[in-house]
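Engineer: This is the content of upload39.cif (mmCIF, C-alpha atoms):
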data_upload
#
loop_
_atom_site.group_PDB
_atom_site.id
_atom_site.type_symbol
_atom_site.label_atom_id
_atom_site.label_comp_id
_atom_site.auth_asym_id
_atom_site.auth_seq_id
_atom_site.Cartn_x
_atom_site.Cartn_y
_atom_site.Cartn_z
ATOM 1 C CA MET A 1 130.429 131.349 29.792
ATOM 2 C CA ASP A 2 130.042 132.917 33.245
ATOM 3 C CA SER A 3 127.311 135.440 34.061
ATOM 4 C CA GLU A 4 129.756 138.341 34.528
ATOM 5 C CA THR A 5 131.086 137.867 30.992
ATOM 6 C CA VAL A 6 127.556 137.644 29.584
ATOM 7 C CA ASN A 7 126.469 140.779 31.473
ATOM 8 C CA ASN A 8 129.458 142.686 30.078
ATOM 9 C CA ARG A 9 128.695 141.529 26.525
ATOM 10 C CA ILE A 10 125.126 142.750 26.859
ATOM 11 C CA ALA A 11 126.252 146.001 28.494
ATOM 12 C CA ASN A 12 128.489 146.558 25.450
ATOM 13 C CA LEU A 13 125.422 146.333 23.180
ATOM 14 C CA PHE A 14 123.787 149.153 25.139
ATOM 15 C CA ARG A 15 126.986 151.218 25.291
ATOM 16 C CA ARG A 16 127.092 151.068 21.493
ATOM 17 C CA SER A 17 123.410 151.965 21.341
ATOM 18 C CA ALA A 18 123.959 154.995 23.594
ATOM 19 C CA LYS A 19 126.773 156.206 21.317
ATOM 20 C CA THR A 20 125.140 155.547 17.951
ATOM 21 C CA GLY A 21 121.401 155.638 18.650
ATOM 22 C CA GLU A 22 121.013 152.120 17.251
ATOM 23 C CA VAL A 23 118.225 149.926 18.574
ATOM 24 C CA VAL A 24 119.161 146.666 20.334
ATOM 25 C CA THR A 25 116.930 143.749 19.369
ATOM 26 C CA ARG A 26 115.945 140.708 21.374
ATOM 27 C CA GLU A 27 117.842 138.571 18.871
ATOM 28 C CA GLU A 28 121.064 140.499 19.534
ATOM 29 C CA ILE A 29 120.613 140.024 23.280
ATOM 30 C CA ILE A 30 120.036 136.287 22.865
ATOM 31 C CA GLN A 31 123.090 135.995 20.614
ATOM 32 C CA ALA A 32 125.270 137.908 23.104
ATOM 33 C CA ALA A 33 123.979 135.778 25.999
ATOM 34 C CA GLY A 34 124.868 132.508 24.328
ATOM 35 C CA SER A 35 123.197 129.451 25.806
ATOM 36 C CA GLN A 36 121.746 131.117 28.918
ATOM 37 C CA LEU A 37 118.397 129.776 30.148
ATOM 38 C CA ASP A 38 116.945 133.293 30.551
ATOM 39 C CA PRO A 39 118.973 135.636 28.335
ATOM 40 C CA LEU A 40 116.695 138.639 28.906
ATOM 41 C CA LYS A 41 117.400 138.435 32.643
ATOM 42 C CA ARG A 42 120.822 139.822 31.736
ATOM 43 C CA VAL A 43 119.143 143.091 30.710
ATOM 44 C CA ARG A 44 117.358 143.443 34.057
ATOM 45 C CA ARG A 45 118.614 144.798 37.361
ATOM 46 C CA ASN A 46 119.763 142.617 40.248
ATOM 47 C CA GLY A 47 123.186 141.888 38.819
ATOM 48 C CA GLY A 48 122.391 142.341 35.129
ATOM 49 C CA ALA A 49 123.595 144.848 32.542
ATOM 50 C CA ARG A 50 121.395 147.649 33.918
ATOM 51 C CA ASP A 51 123.377 147.667 37.166
ATOM 52 C CA ILE A 52 126.646 147.962 35.229
ATOM 53 C CA LEU A 53 125.303 150.701 32.978
ATOM 54 C CA ASP A 54 123.743 152.707 35.836
ATOM 55 C CA ARG A 55 127.242 153.357 37.191
ATOM 56 C CA GLU A 56 128.179 154.754 33.765
ATOM 57 C CA GLY A 57 125.104 156.966 33.455
ATOM 58 C CA ILE A 58 123.471 154.881 30.722
ATOM 59 C CA GLU A 59 119.797 153.963 30.962
ATOM 60 C CA VAL A 60 118.266 150.979 29.186
ATOM 61 C CA ILE A 61 114.971 152.015 27.612
ATOM 62 C CA TRP A 62 112.418 149.465 26.423
ATOM 63 C CA LEU A 63 110.879 150.701 23.169
ATOM 64 C CA GLY A 64 108.132 148.100 23.050
ATOM 65 C CA GLY A 65 108.005 144.768 21.335
ATOM 66 C CA ASN A 66 111.469 143.254 21.066
ATOM 67 C CA LYS A 67 113.468 146.482 20.975
ATOM 68 C CA TRP A 68 115.570 148.353 23.537
ATOM 69 C CA LYS A 69 117.892 151.324 23.432
ATOM 70 C CA GLY A 70 120.690 152.685 25.582
ATOM 71 C CA GLU A 71 120.657 156.406 26.405
ATOM 72 C CA HIS A 72 122.908 158.625 28.493
ATOM 73 C CA SER A 73 120.963 159.886 31.484
#
Show me the file's structure as structure tokens.
Structural biologist:
Amino acid sequence: MDSETVNNRIANLFRRSAKTGEVVTREEIIQAAGSQLDPLKRVRRNGGARDILDREGIEVIWLGGNKWKGEHS
């Protein structure tokens, strides 16, 4: 699976979170990333889901531990 597809899958998790208020767990990110060596890199900037979501006005908020949330800015 290419990195663009993985980034979009992870961005979709945070889009859903922004709409519903659901928390996104580390396990969900790993599952969406498939067999990536560093699945949490896909949440970061520099080509990851945060760059995609910034253009849509959605911020990725780390809640501590293994939990994140998407919020409209």
Engineer: Figure out the distance between CA of Ile10 in chain A and CA of Ala33 in chain A, please, to one decimal in Å.
Structural biologist: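 These atoms are spaced 7.1 Å apart.
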Engineer: Counting only C-alpha atoms, what is within 12 Å of Ala32 in chain A, bar same-chain residues fewer than 5 positions away, as a ChimeraX atom specification?
Structural biologist: /A:1,3,5-14,24-27,39-40,42-43,49
Engineer: Would you mind exporting C-alpha atoms of the selected residues as an mmCIF file, in the frame of the given file?
Structural biologist:
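Resulting contents of result11.cif:
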data_model
loop_
_atom_site.group_PDB
_atom_site.id
_atom_site.type_symbol
_atom_site.label_atom_id
_atom_site.label_comp_id
_atom_site.auth_asym_id
_atom_site.auth_seq_id
_atom_site.Cartn_x
_atom_site.Cartn_y
_atom_site.Cartn_z
ATOM 1 C CA MET A 1 130.429 131.349 29.792
ATOM 2 C CA SER A 3 127.311 135.440 34.061
ATOM 3 C CA THR A 5 131.086 137.867 30.992
ATOM 4 C CA VAL A 6 127.556 137.644 29.584
ATOM 5 C CA ASN A 7 126.469 140.779 31.473
ATOM 6 C CA ASN A 8 129.458 142.686 30.078
ATOM 7 C CA ARG A 9 128.695 141.529 26.525
ATOM 8 C CA ILE A 10 125.126 142.750 26.859
ATOM 9 C CA ALA A 11 126.252 146.001 28.494
ATOM 10 C CA ASN A 12 128.489 146.558 25.450
ATOM 11 C CA LEU A 13 125.422 146.333 23.180
ATOM 12 C CA PHE A 14 123.787 149.153 25.139
ATOM 13 C CA VAL A 24 119.161 146.666 20.334
ATOM 14 C CA THR A 25 116.930 143.749 19.369
ATOM 15 C CA ARG A 26 115.945 140.708 21.374
ATOM 16 C CA GLU A 27 117.842 138.571 18.871
ATOM 17 C CA PRO A 39 118.973 135.636 28.335
ATOM 18 C CA LEU A 40 116.695 138.639 28.906
ATOM 19 C CA ARG A 42 120.822 139.822 31.736
ATOM 20 C CA VAL A 43 119.143 143.091 30.710
ATOM 21 C CA ALA A 49 123.595 144.848 32.542
#
Engineer: Just give me the gap between CA of Arg16 in chain A and CA of Asn66 in chain A in Å, one decimal is fine.
Structural biologist: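 Computed distance, CA of Arg16 in chain A to CA of Asn66 in chain A, equals 17.5 Å.
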Engineer: Would you mind telling me which residue in A:Asp38, A:Gln31, A:Lys19, A:Glu4 lies nearest to Gly70 in chain A when using all atoms listed in the file?
Structural biologist: A:Lys19
Engineer: When distances are computed from only C-alpha atoms, which of A:Trp62, A:Gly47, A:Asp2, A:Lys69 shows the smallest separation from Gly34 in chain A?
Structural biologist: A:Asp2
Engineer: N, CA and C atoms are what I want for range 13-48 of chain A; can you complete it accordingly and write them as a JSON list (two decimals), in the coordinates of the input?
Structural biologist:
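Dumped to out07.json:
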[["chain", "number", "residue", "atom", "x", "y", "z"],
["A", 13, "LEU", "N", 126.46, 146.04, 24.17],
["A", 13, "LEU", "CA", 125.42, 146.33, 23.18],
["A", 13, "LEU", "C", 124.76, 147.68, 23.48],
["A", 14, "PHE", "N", 124.47, 147.92, 24.76],
["A", 14, "PHE", "CA", 123.79, 149.15, 25.14],
["A", 14, "PHE", "C", 124.74, 150.35, 25.15],
["A", 15, "ARG", "N", 126.01, 150.12, 25.42],
["A", 15, "ARG", "CA", 126.99, 151.22, 25.29],
["A", 15, "ARG", "C", 127.03, 151.69, 23.85],
["A", 16, "ARG", "N", 127.08, 150.73, 22.92],
["A", 16, "ARG", "CA", 127.09, 151.07, 21.49],
["A", 16, "ARG", "C", 125.81, 151.80, 21.12],
["A", 17, "SER", "N", 124.69, 151.34, 21.63],
["A", 17, "SER", "CA", 123.41, 151.96, 21.34],
["A", 17, "SER", "C", 123.39, 153.41, 21.85],
["A", 18, "ALA", "N", 123.93, 153.64, 23.04],
["A", 18, "ALA", "CA", 123.96, 155.00, 23.59],
["A", 18, "ALA", "C", 124.82, 155.93, 22.74],
["A", 19, "LYS", "N", 125.88, 155.39, 22.15],
["A", 19, "LYS", "CA", 126.77, 156.21, 21.32],
["A", 19, "LYS", "C", 126.19, 156.47, 19.93],
["A", 20, "THR", "N", 125.56, 155.45, 19.36],
["A", 20, "THR", "CA", 125.14, 155.55, 17.95],
["A", 20, "THR", "C", 123.65, 155.78, 17.76],
["A", 21, "GLY", "N", 122.85, 155.53, 18.79],
["A", 21, "GLY", "CA", 121.40, 155.64, 18.65],
["A", 21, "GLY", "C", 120.75, 154.40, 18.06],
["A", 22, "GLU", "N", 121.56, 153.36, 17.81],
["A", 22, "GLU", "CA", 121.01, 152.12, 17.25],
["A", 22, "GLU", "C", 120.11, 151.42, 18.27],
["A", 23, "VAL", "N", 119.13, 150.73, 17.75],
["A", 23, "VAL", "CA", 118.22, 149.93, 18.57],
["A", 23, "VAL", "C", 118.88, 148.56, 18.80],
["A", 24, "VAL", "N", 118.68, 148.01, 20.01],
["A", 24, "VAL", "CA", 119.16, 146.67, 20.33],
["A", 24, "VAL", "C", 117.96, 145.73, 20.29],
["A", 25, "THR", "N", 118.05, 144.68, 19.50],
["A", 25, "THR", "CA", 116.93, 143.75, 19.37],
["A", 25, "THR", "C", 117.07, 142.57, 20.33],
["A", 26, "ARG", "N", 115.96, 141.91, 20.54],
["A", 26, "ARG", "CA", 115.94, 140.71, 21.37],
["A", 26, "ARG", "C", 116.91, 139.67, 20.81],
["A", 27, "GLU", "N", 116.96, 139.55, 19.51],
["A", 27, "GLU", "CA", 117.84, 138.57, 18.87],
["A", 27, "GLU", "C", 119.31, 138.86, 19.18],
["A", 28, "GLU", "N", 119.69, 140.14, 19.19],
["A", 28, "GLU", "CA", 121.06, 140.50, 19.53],
["A", 28, "GLU", "C", 121.38, 140.15, 20.98],
["A", 29, "ILE", "N", 120.41, 140.36, 21.86],
["A", 29, "ILE", "CA", 120.61, 140.02, 23.28],
["A", 29, "ILE", "C", 120.79, 138.52, 23.44],
["A", 30, "ILE", "N", 119.94, 137.75, 22.78],
["A", 30, "ILE", "CA", 120.04, 136.29, 22.86],
["A", 30, "ILE", "C", 121.37, 135.81, 22.31],
["A", 31, "GLN", "N", 121.81, 136.38, 21.20],
["A", 31, "GLN", "CA", 123.09, 136.00, 20.61],
["A", 31, "GLN", "C", 124.25, 136.34, 21.56],
["A", 32, "ALA", "N", 124.21, 137.51, 22.18],
["A", 32, "ALA", "CA", 125.27, 137.91, 23.10],
["A", 32, "ALA", "C", 125.28, 137.04, 24.36],
["A", 33, "ALA", "N", 124.09, 136.57, 24.77],
["A", 33, "ALA", "CA", 123.98, 135.78, 26.00],
["A", 33, "ALA", "C", 124.40, 134.33, 25.80],
["A", 34, "GLY", "N", 124.48, 133.89, 24.57],
["A", 34, "GLY", "CA", 124.87, 132.51, 24.33],
["A", 34, "GLY", "C", 123.78, 131.56, 24.76],
["A", 35, "SER", "N", 124.15, 130.51, 25.45],
["A", 35, "SER", "CA", 123.20, 129.45, 25.81],
["A", 35, "SER", "C", 122.62, 129.63, 27.21],
["A", 36, "GLN", "N", 122.35, 130.86, 27.62],
["A", 36, "GLN", "CA", 121.75, 131.12, 28.92],
["A", 36, "GLN", "C", 120.28, 130.67, 28.91],
["A", 37, "LEU", "N", 119.79, 130.21, 30.06],
["A", 37, "LEU", "CA", 118.40, 129.78, 30.15],
["A", 37, "LEU", "C", 117.42, 130.96, 30.03],
["A", 38, "ASP", "N", 117.80, 132.10, 30.59],
["A", 38, "ASP", "CA", 116.94, 133.29, 30.55],
["A", 38, "ASP", "C", 117.79, 134.48, 30.10],
["A", 39, "PRO", "N", 118.06, 134.59, 28.81],
["A", 39, "PRO", "CA", 118.97, 135.64, 28.34],
["A", 39, "PRO", "C", 118.49, 137.06, 28.62],
["A", 40, "LEU", "N", 117.18, 137.29, 28.65],
["A", 40, "LEU", "CA", 116.70, 138.64, 28.91],
["A", 40, "LEU", "C", 116.85, 139.05, 30.37],
["A", 41, "LYS", "N", 117.10, 138.09, 31.26],
["A", 41, "LYS", "CA", 117.40, 138.44, 32.64],
["A", 41, "LYS", "C", 118.66, 139.28, 32.70],
["A", 42, "ARG", "N", 119.56, 139.08, 31.76],
["A", 42, "ARG", "CA", 120.82, 139.82, 31.74],
["A", 42, "ARG", "C", 120.62, 141.30, 31.46],
["A", 43, "VAL", "N", 119.45, 141.68, 30.95],
["A", 43, "VAL", "CA", 119.14, 143.09, 30.71],
["A", 43, "VAL", "C", 118.61, 143.72, 31.99],
["A", 44, "ARG", "N", 118.02, 142.92, 32.86],
["A", 44, "ARG", "CA", 117.36, 143.44, 34.06],
["A", 44, "ARG", "C", 118.35, 143.87, 35.12],
["A", 45, "ARG", "N", 117.81, 144.44, 36.18],
["A", 45, "ARG", "CA", 118.61, 144.80, 37.36],
["A", 45, "ARG", "C", 118.95, 143.53, 38.15],
["A", 46, "ASN", "N", 119.41, 143.73, 39.37],
["A", 46, "ASN", "CA", 119.76, 142.62, 40.25],
["A", 46, "ASN", "C", 120.92, 141.81, 39.67],
["A", 47, "GLY", "N", 121.98, 142.54, 39.31],
["A", 47, "GLY", "CA", 123.19, 141.89, 38.82],
["A", 47, "GLY", "C", 123.32, 141.83, 37.31],
["A", 48, "GLY", "N", 122.34, 142.36, 36.59],
["A", 48, "GLY", "CA", 122.39, 142.34, 35.13],
["A", 48, "GLY", "C", 123.06, 143.58, 34.55]]
